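Colleague: My file is start-v5.cif. It has mmCIF, C-alpha atoms:
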```cif
data_upload
#
loop_
_atom_site.label_atom_id
_atom_site.label_comp_id
_atom_site.auth_asym_id
_atom_site.auth_seq_id
_atom_site.Cartn_x
_atom_site.Cartn_y
_atom_site.Cartn_z
CA MET A 1 0.05 21.88 11.32
CA ALA A 2 0.13 18.59 9.49
CA GLY A 3 -0.84 20.39 6.30
CA GLU A 4 2.39 22.40 6.05
CA LEU A 5 4.54 21.19 3.20
CA PRO A 6 7.66 19.48 4.57
CA ASP A 7 10.88 19.51 2.54
CA SER A 8 10.88 15.72 2.63
CA ALA A 9 7.55 15.73 0.75
CA LYS A 10 9.12 17.74 -2.06
CA LEU A 11 11.97 15.22 -2.26
CA VAL A 12 9.65 12.21 -2.37
CA PHE A 13 6.87 13.52 -4.61
CA GLY A 14 8.77 16.01 -6.79
CA GLU A 15 6.48 17.64 -9.34
CA HIS A 16 3.49 15.78 -7.86
CA VAL A 17 3.85 17.25 -4.36
CA GLU A 18 0.76 19.49 -4.58
CA ARG A 19 -1.38 16.45 -5.30
CA ALA A 20 0.07 14.77 -2.21
CA ALA A 21 -0.65 17.93 -0.18
CA GLU A 22 -4.26 17.84 -1.32
CA PHE A 23 -4.54 14.23 -0.12
CA VAL A 24 -3.17 15.31 3.26
CA ARG A 25 -5.73 18.13 3.42
CA LEU A 26 -8.54 15.67 2.69
CA LEU A 27 -7.35 13.37 5.47
CA GLU A 28 -7.08 16.32 7.88
CA GLU A 29 -10.60 17.48 7.09
CA HIS A 30 -12.41 14.15 6.88
CA GLY A 31 -10.14 11.38 8.21
CA VAL A 32 -11.29 11.35 11.82
CA GLU A 33 -15.02 11.89 11.24
CA ARG A 34 -15.07 9.12 8.64
CA GLY A 35 -13.16 6.69 10.82
CA LEU A 36 -10.09 6.56 8.59
CA ILE A 37 -7.53 7.76 11.14
CA GLY A 38 -7.52 8.34 14.90
CA PRO A 39 -7.71 11.86 16.38
CA ARG A 40 -4.08 11.69 17.55
CA GLU A 41 -2.90 10.90 14.03
CA VAL A 42 -3.93 14.23 12.47
CA GLU A 43 -0.65 15.94 13.37
CA LYS A 44 1.34 13.01 12.00
CA ILE A 45 -0.33 12.53 8.62
CA TRP A 46 2.69 13.51 6.51
CA ASP A 47 5.39 11.44 8.23
CA ARG A 48 3.44 8.59 9.80
CA HIS A 49 1.09 7.91 6.90
CA VAL A 50 1.70 9.63 3.56
CA LEU A 51 5.50 9.74 3.34
CA ASN A 52 5.77 6.42 5.16
CA SER A 53 3.70 4.95 2.31
CA ALA A 54 5.23 6.84 -0.60
CA VAL A 55 8.87 5.92 0.03
CA ILE A 56 8.17 2.33 -1.02
CA GLU A 57 7.95 3.63 -4.61
CA GLU A 58 11.61 2.68 -5.15
CA LEU A 59 10.68 -1.00 -4.79
CA PHE A 60 8.60 -1.10 -7.99
CA GLN A 61 9.64 -1.49 -11.62
CA PRO A 62 8.23 0.83 -14.33
CA ASN A 63 4.61 0.31 -15.39
CA GLU A 64 3.87 -2.49 -12.95
CA ARG A 65 0.34 -3.61 -12.10
CA VAL A 66 -0.11 -3.32 -8.33
CA VAL A 67 -2.97 -4.15 -5.95
CA ASP A 68 -3.26 -2.42 -2.57
CA VAL A 69 -4.95 -5.03 -0.37
CA GLY A 70 -7.21 -3.61 2.37
CA SER A 71 -6.56 -0.06 1.19
CA GLY A 72 -8.67 1.61 3.90
CA ALA A 73 -7.87 5.33 3.85
CA GLY A 74 -5.84 4.75 0.68
CA LEU A 75 -2.59 3.77 2.35
CA PRO A 76 -0.17 2.97 0.86
CA GLY A 77 -1.95 2.93 -2.52
CA VAL A 78 -2.81 6.61 -2.96
CA PRO A 79 0.62 8.05 -2.03
CA LEU A 80 2.23 5.36 -4.20
CA ALA A 81 -0.04 6.27 -7.13
CA ILE A 82 0.84 9.96 -6.73
CA ALA A 83 4.59 9.33 -6.52
CA ARG A 84 4.55 6.82 -9.39
CA PRO A 85 1.92 7.71 -12.02
CA ASP A 86 3.37 5.00 -14.28
CA LEU A 87 2.06 2.27 -11.95
CA ARG A 88 -1.44 0.86 -12.48
CA ILE A 89 -2.86 0.55 -8.98
CA THR A 90 -6.04 -1.14 -7.78
CA LEU A 91 -7.26 -0.08 -4.35
CA LEU A 92 -8.98 -3.17 -2.96
CA GLU A 93 -11.26 -2.57 0.04
CA PRO A 94 -14.30 -4.47 1.41
CA MET A 95 -16.06 -1.69 3.35
CA ALA A 96 -18.61 0.44 1.48
CA ARG A 97 -17.90 3.68 3.37
CA ARG A 98 -14.20 3.38 2.65
CA ILE A 99 -14.90 2.59 -1.00
CA ALA A 100 -16.90 5.84 -1.15
CA TRP A 101 -13.90 7.71 0.30
CA LEU A 102 -11.46 6.14 -2.15
CA GLU A 103 -13.71 7.02 -5.11
CA GLU A 104 -13.87 10.62 -3.89
CA VAL A 105 -10.09 10.77 -3.52
CA LYS A 106 -9.54 9.29 -6.99
CA GLU A 107 -11.86 11.88 -8.54
CA ARG A 108 -10.60 14.85 -6.50
CA LEU A 109 -6.93 14.10 -7.22
CA GLN A 110 -7.60 12.97 -10.80
CA LEU A 111 -5.70 9.73 -10.32
CA ASP A 112 -6.09 8.19 -13.76
CA ASN A 113 -3.76 5.33 -12.84
CA VAL A 114 -6.03 4.16 -9.99
CA THR A 115 -8.96 1.72 -9.97
CA VAL A 116 -11.16 1.33 -6.87
CA LEU A 117 -12.53 -2.17 -6.31
CA ARG A 118 -14.79 -3.43 -3.53
CA GLY A 119 -14.04 -6.91 -2.23
CA ARG A 120 -11.65 -9.13 -0.31
CA ALA A 121 -8.46 -10.66 -1.66
CA GLU A 122 -9.56 -14.17 -0.68
CA GLU A 123 -12.80 -14.05 -2.71
CA ALA A 124 -12.77 -16.13 -5.91
CA PRO A 125 -14.18 -13.39 -8.21
CA ILE A 126 -11.58 -10.92 -6.92
CA ARG A 127 -8.76 -13.42 -7.44
CA LYS A 128 -9.96 -13.99 -10.98
CA GLN A 129 -10.19 -10.26 -11.72
CA LEU A 130 -6.78 -9.42 -10.26
CA LEU A 131 -4.93 -12.49 -11.52
CA ASN A 132 -1.25 -12.11 -12.41
CA CYS A 133 -0.52 -8.74 -10.80
CA ASP A 134 3.15 -7.80 -10.65
CA ALA A 135 2.95 -6.77 -7.00
CA ALA A 136 0.61 -6.60 -4.02
CA THR A 137 1.05 -4.17 -1.17
CA ALA A 138 -0.60 -3.82 2.22
CA ARG A 139 -0.21 -1.72 5.35
CA ALA A 140 -1.39 -2.69 8.85
CA VAL A 141 -3.82 -5.26 7.46
CA ALA A 142 -2.97 -8.65 8.96
CA PRO A 143 -0.17 -10.86 10.34
CA LEU A 144 2.26 -12.22 7.75
CA GLU A 145 0.82 -15.75 7.64
CA LYS A 146 -2.67 -14.50 6.76
CA LEU A 147 -1.45 -11.71 4.48
CA THR A 148 0.64 -14.12 2.42
CA LYS A 149 -2.39 -16.39 1.85
CA TRP A 150 -4.39 -13.37 0.65
CA CYS A 151 -1.77 -11.69 -1.53
CA LEU A 152 0.23 -14.40 -3.25
CA PRO A 153 -2.68 -15.86 -5.28
CA LEU A 154 -3.14 -12.43 -6.91
CA LEU A 155 0.43 -12.44 -8.25
CA ARG A 156 2.15 -13.80 -11.31
CA GLY A 157 5.04 -16.19 -10.74
CA GLY A 158 7.94 -14.07 -9.53
CA GLY A 159 5.59 -11.26 -8.47
CA ARG A 160 6.13 -9.66 -5.06
CA MET A 161 4.16 -8.98 -1.94
CA VAL A 162 5.42 -5.67 -0.52
CA ALA A 163 4.04 -5.39 3.02
CA LEU A 164 4.66 -2.34 5.20
CA LYS A 165 5.51 -3.60 8.66
CA GLY A 166 6.88 -2.24 11.92
CA GLU A 167 10.16 -2.78 13.70
CA ARG A 168 9.30 -6.41 14.45
CA ALA A 169 9.11 -7.42 10.79
CA GLN A 170 12.09 -9.77 11.10
CA GLU A 171 10.53 -11.45 14.14
CA GLU A 172 7.30 -11.89 12.21
CA LEU A 173 9.18 -13.43 9.30
CA GLU A 174 10.96 -15.87 11.61
CA ARG A 175 7.67 -16.80 13.27
CA ASP A 176 5.68 -17.26 10.05
CA GLY A 177 8.47 -18.34 7.68
CA GLU A 178 7.17 -21.90 7.42
CA ALA A 179 3.66 -20.68 6.57
CA VAL A 180 5.06 -18.35 3.90
CA LEU A 181 6.77 -21.27 2.16
CA LYS A 182 3.64 -23.38 2.45
CA ALA A 183 1.60 -20.61 0.79
CA GLY A 184 3.96 -20.54 -2.19
CA GLY A 185 6.24 -17.74 -1.04
CA ALA A 186 9.97 -17.54 -1.68
CA ASN A 187 12.94 -15.23 -1.01
CA ALA A 188 11.22 -13.54 1.92
CA HIS A 189 13.29 -10.70 3.34
CA VAL A 190 13.07 -7.40 5.17
CA VAL A 191 14.21 -4.06 3.71
CA VAL A 192 14.22 -0.53 5.12
CA VAL A 193 13.41 2.42 2.84
CA GLY A 194 13.17 6.17 3.29
CA ALA A 195 16.02 6.54 5.79
CA ASP A 196 17.23 9.66 3.95
CA VAL A 197 13.88 11.48 4.27
CA LEU A 198 12.08 10.03 7.31
CA GLU A 199 12.95 10.20 10.99
CA VAL A 200 11.54 6.69 11.31
CA PRO A 201 12.20 4.80 8.04
CA THR A 202 9.65 2.39 6.57
CA THR A 203 10.25 -1.30 7.24
CA VAL A 204 9.01 -3.51 4.43
CA LEU A 205 8.63 -7.27 4.23
CA ILE A 206 8.98 -8.62 0.69
CA VAL A 207 7.85 -12.11 -0.35
CA GLU A 208 8.05 -13.40 -3.92
CA ARG A 209 5.53 -15.80 -5.37
CA GLN A 210 7.30 -18.98 -6.42
CA GLN A 211 7.70 -19.37 -10.16
CA ARG A 212 5.33 -21.93 -11.59
CA ARG A 213 7.07 -25.03 -12.90
CA ASP A 214 5.75 -26.93 -15.91
CA ARG A 215 5.50 -30.61 -15.20
#
```
Before anything else, please render the file you have as structure tokens.

Modeller:
Amino acid sequence: MAGELPDSAKLVFGEHVERAAEFVRLLEEHGVERGLIGPREVEKIWDRHVLNSAVIEELFQPNERVVDVGSGAGLPGVPLAIARPDLRITLLEPMARRIAWLEEVKERLQLDNVTVLRGRAEEAPIRKQLLNCDAATARAVAPLEKLTKWCLPLLRGGGRMVALKGERAQEELERDGEAVLKAGGANAHVVVVGADVLEVPTTVLIVERQQRRDR
């Protein structure tokens, strides 16, 4: 069963592992019926979704302000918030039914470091509200060119977009590298995390927002 507690979960979540297990139970019980995950994903919730998301925690500095763009089922934002309670995380999602889910998860897991916000990253009021975040993260939301245009305006100069991508992340970077620079991105690179705990490590594409220069 997906709900059994893997040793890797204890390594990643430490003292917070029971909270992570409760999130997995919620996804098992409600994920398919609420359109959050596909039926074939139920047996893979720990590795494919929750641990895959949580291992990016090593890429964040203490007490950073992070926005999870297109949070959906709460991935990667909820596992990240559980693993790193010092981070202040906004789960940004446009769909009402998913917002309802995220609010329920926040309350059920007592995630005091999480804010749930309905909207899209490209909307002016959202950009104003989330201005100068330290980092933005996203998982299976959009191609790099589009994602960069959405995420970078939410960041302070030197802030980072941390996008969970698949094995073709480097190809995507080579394809969209010009667009990333045009959008104000810099130092774009691919890193792999979680190799010590996951059978298939998490591939992450990181793009910094260019520092603003006074003229």

Colleague: Run the PyMOL selection byres ((chain A and resi 45) around 12) on the file and write out the hits as a PyMOL selection string.

Modeller: chain A and resi 1-6+9+20-29+31-32+36-44+46-53+73+75+79

Colleague: Under the rule that all atoms listed in the file are counted, which of A:Leu109, A:Leu91, A:Val191, A:Val207 is the nearest residue to Val69 (chain A)?

Modeller: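 So, comparing all the options, the nearest one is A:Leu91.
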
Colleague: As AutoDock Vina command-line options, what would the box around region 31-35 of chain A look like: edges along x, y and z, 4 Å added on every side, centre and edge lengths in Å to one decimal?

Modeller:
```
--center_x -12.6 --center_y 9.3 --center_z 10.0 --size_x 12.9 --size_y 13.2 --size_z 11.6
```

Colleague: Care to translate the PyMOL selection byres ((chain A and resi 96) around 12) into actual residues of this file, as a PyMOL selection string?

Modeller: chain A and resi 34+72+92-95+97-103+116-120

Colleague: Go ahead and save the picked residues with C-alpha atoms, as a PDB file, keeping the file's coordinate frame.

Modeller:
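Result went into out.pdb, see below:
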```pdb
ATOM      1  CA  ARG A  34     -15.070   9.120   8.640  1.00  0.00           C
ATOM      2  CA  GLY A  72      -8.670   1.610   3.900  1.00  0.00           C
ATOM      3  CA  LEU A  92      -8.980  -3.170  -2.960  1.00  0.00           C
ATOM      4  CA  GLU A  93     -11.260  -2.570   0.040  1.00  0.00           C
ATOM      5  CA  PRO A  94     -14.300  -4.470   1.410  1.00  0.00           C
ATOM      6  CA  MET A  95     -16.060  -1.690   3.350  1.00  0.00           C
ATOM      7  CA  ARG A  97     -17.900   3.680   3.370  1.00  0.00           C
ATOM      8  CA  ARG A  98     -14.200   3.380   2.650  1.00  0.00           C
ATOM      9  CA  ILE A  99     -14.900   2.590  -1.000  1.00  0.00           C
ATOM     10  CA  ALA A 100     -16.900   5.840  -1.150  1.00  0.00           C
ATOM     11  CA  TRP A 101     -13.900   7.710   0.300  1.00  0.00           C
ATOM     12  CA  LEU A 102     -11.460   6.140  -2.150  1.00  0.00           C
ATOM     13  CA  GLU A 103     -13.710   7.020  -5.110  1.00  0.00           C
ATOM     14  CA  VAL A 116     -11.160   1.330  -6.870  1.00  0.00           C
ATOM     15  CA  LEU A 117     -12.530  -2.170  -6.310  1.00  0.00           C
ATOM     16  CA  ARG A 118     -14.790  -3.430  -3.530  1.00  0.00           C
ATOM     17  CA  GLY A 119     -14.040  -6.910  -2.230  1.00  0.00           C
ATOM     18  CA  ARG A 120     -11.650  -9.130  -0.310  1.00  0.00           C
TER      19      ARG A 120
END
```

Colleague: Between CA of Asp134 (chain A) and CA of Glu64 (chain A), what distance in Å does the model show, to one decimal?

Modeller: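 Result for CA of Asp134 (chain A) versus CA of Glu64 (chain A): 5.8 Å, one decimal.
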
Colleague: For the structure provided, state which residues fall under the PyMOL selection byres ((chain A and resi 170) around 12), and present them as a PDB file with C-alpha atoms, keeping the file's coordinate frame.

Modeller:
```pdb
ATOM      1  CA  LEU A 144       2.260 -12.220   7.750  1.00  0.00           C
ATOM      2  CA  LYS A 165       5.510  -3.600   8.660  1.00  0.00           C
ATOM      3  CA  GLY A 166       6.880  -2.240  11.920  1.00  0.00           C
ATOM      4  CA  GLU A 167      10.160  -2.780  13.700  1.00  0.00           C
ATOM      5  CA  ARG A 168       9.300  -6.410  14.450  1.00  0.00           C
ATOM      6  CA  ALA A 169       9.110  -7.420  10.790  1.00  0.00           C
ATOM      7  CA  GLU A 171      10.530 -11.450  14.140  1.00  0.00           C
ATOM      8  CA  GLU A 172       7.300 -11.890  12.210  1.00  0.00           C
ATOM      9  CA  LEU A 173       9.180 -13.430   9.300  1.00  0.00           C
ATOM     10  CA  GLU A 174      10.960 -15.870  11.610  1.00  0.00           C
ATOM     11  CA  ARG A 175       7.670 -16.800  13.270  1.00  0.00           C
ATOM     12  CA  ASP A 176       5.680 -17.260  10.050  1.00  0.00           C
ATOM     13  CA  GLY A 177       8.470 -18.340   7.680  1.00  0.00           C
ATOM     14  CA  ALA A 188      11.220 -13.540   1.920  1.00  0.00           C
ATOM     15  CA  HIS A 189      13.290 -10.700   3.340  1.00  0.00           C
ATOM     16  CA  VAL A 190      13.070  -7.400   5.170  1.00  0.00           C
ATOM     17  CA  VAL A 191      14.210  -4.060   3.710  1.00  0.00           C
ATOM     18  CA  VAL A 192      14.220  -0.530   5.120  1.00  0.00           C
ATOM     19  CA  THR A 203      10.250  -1.300   7.240  1.00  0.00           C
ATOM     20  CA  VAL A 204       9.010  -3.510   4.430  1.00  0.00           C
ATOM     21  CA  LEU A 205       8.630  -7.270   4.230  1.00  0.00           C
ATOM     22  CA  ILE A 206       8.980  -8.620   0.690  1.00  0.00           C
TER      23      ILE A 206
END
```

Colleague: Could you jot down the CA of Cys133 (chain A) to CA of Arg65 (chain A) separation for me, Å, one decimal place?

Modeller: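 Between CA of Cys133 (chain A) and CA of Arg65 (chain A) the gap works out to 5.4 Å.
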
Colleague: Report, in Å to a single decimal, how far apart CA of Ala140 (chain A) and CA of Gly157 (chain A) are.

Modeller: 24.6 Å

Colleague: Pick out the closest residue to Pro143 (chain A) from this set: A:Ala163, A:Phe13, A:Val55, A:Asp68. Count only C-alpha atoms.

Modeller: A:Ala163

Colleague: Identify which of the residues A:Gly74, A:Ala121, A:Leu198, A:Val105 lies closest to Arg139 (chain A), counting all atoms listed in the file when measuring atom-to-atom distances.

Modeller: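 That would be A:Gly74, the residue with the smallest distance to Arg139 (chain A).
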
Colleague: Out of A:Val114, A:Ala183, A:Leu131, A:Leu11, which residue has the shortest atom-to-atom distance to Leu147 (chain A) when counting all atoms listed in the file?

Modeller: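 Going through A:Val114, A:Ala183, A:Leu131, A:Leu11 one by one, the smallest distance to Leu147 (chain A) is for A:Ala183.
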
Colleague: Calculated over all atoms listed in the file, which of the candidates A:Ala135, A:Ala186, A:Val67, A:Ala83 has the smallest distance to Lys10 (chain A)?

Modeller: A:Ala83

Colleague: Which of these residues is nearest to Cys151 (chain A), using all atoms listed in the file: A:Pro85, A:Gly70, A:Pro201, A:Gly77?

Modeller: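 Between A:Pro85, A:Gly70, A:Pro201, A:Gly77, the residue approaching Cys151 (chain A) most closely is A:Gly70.
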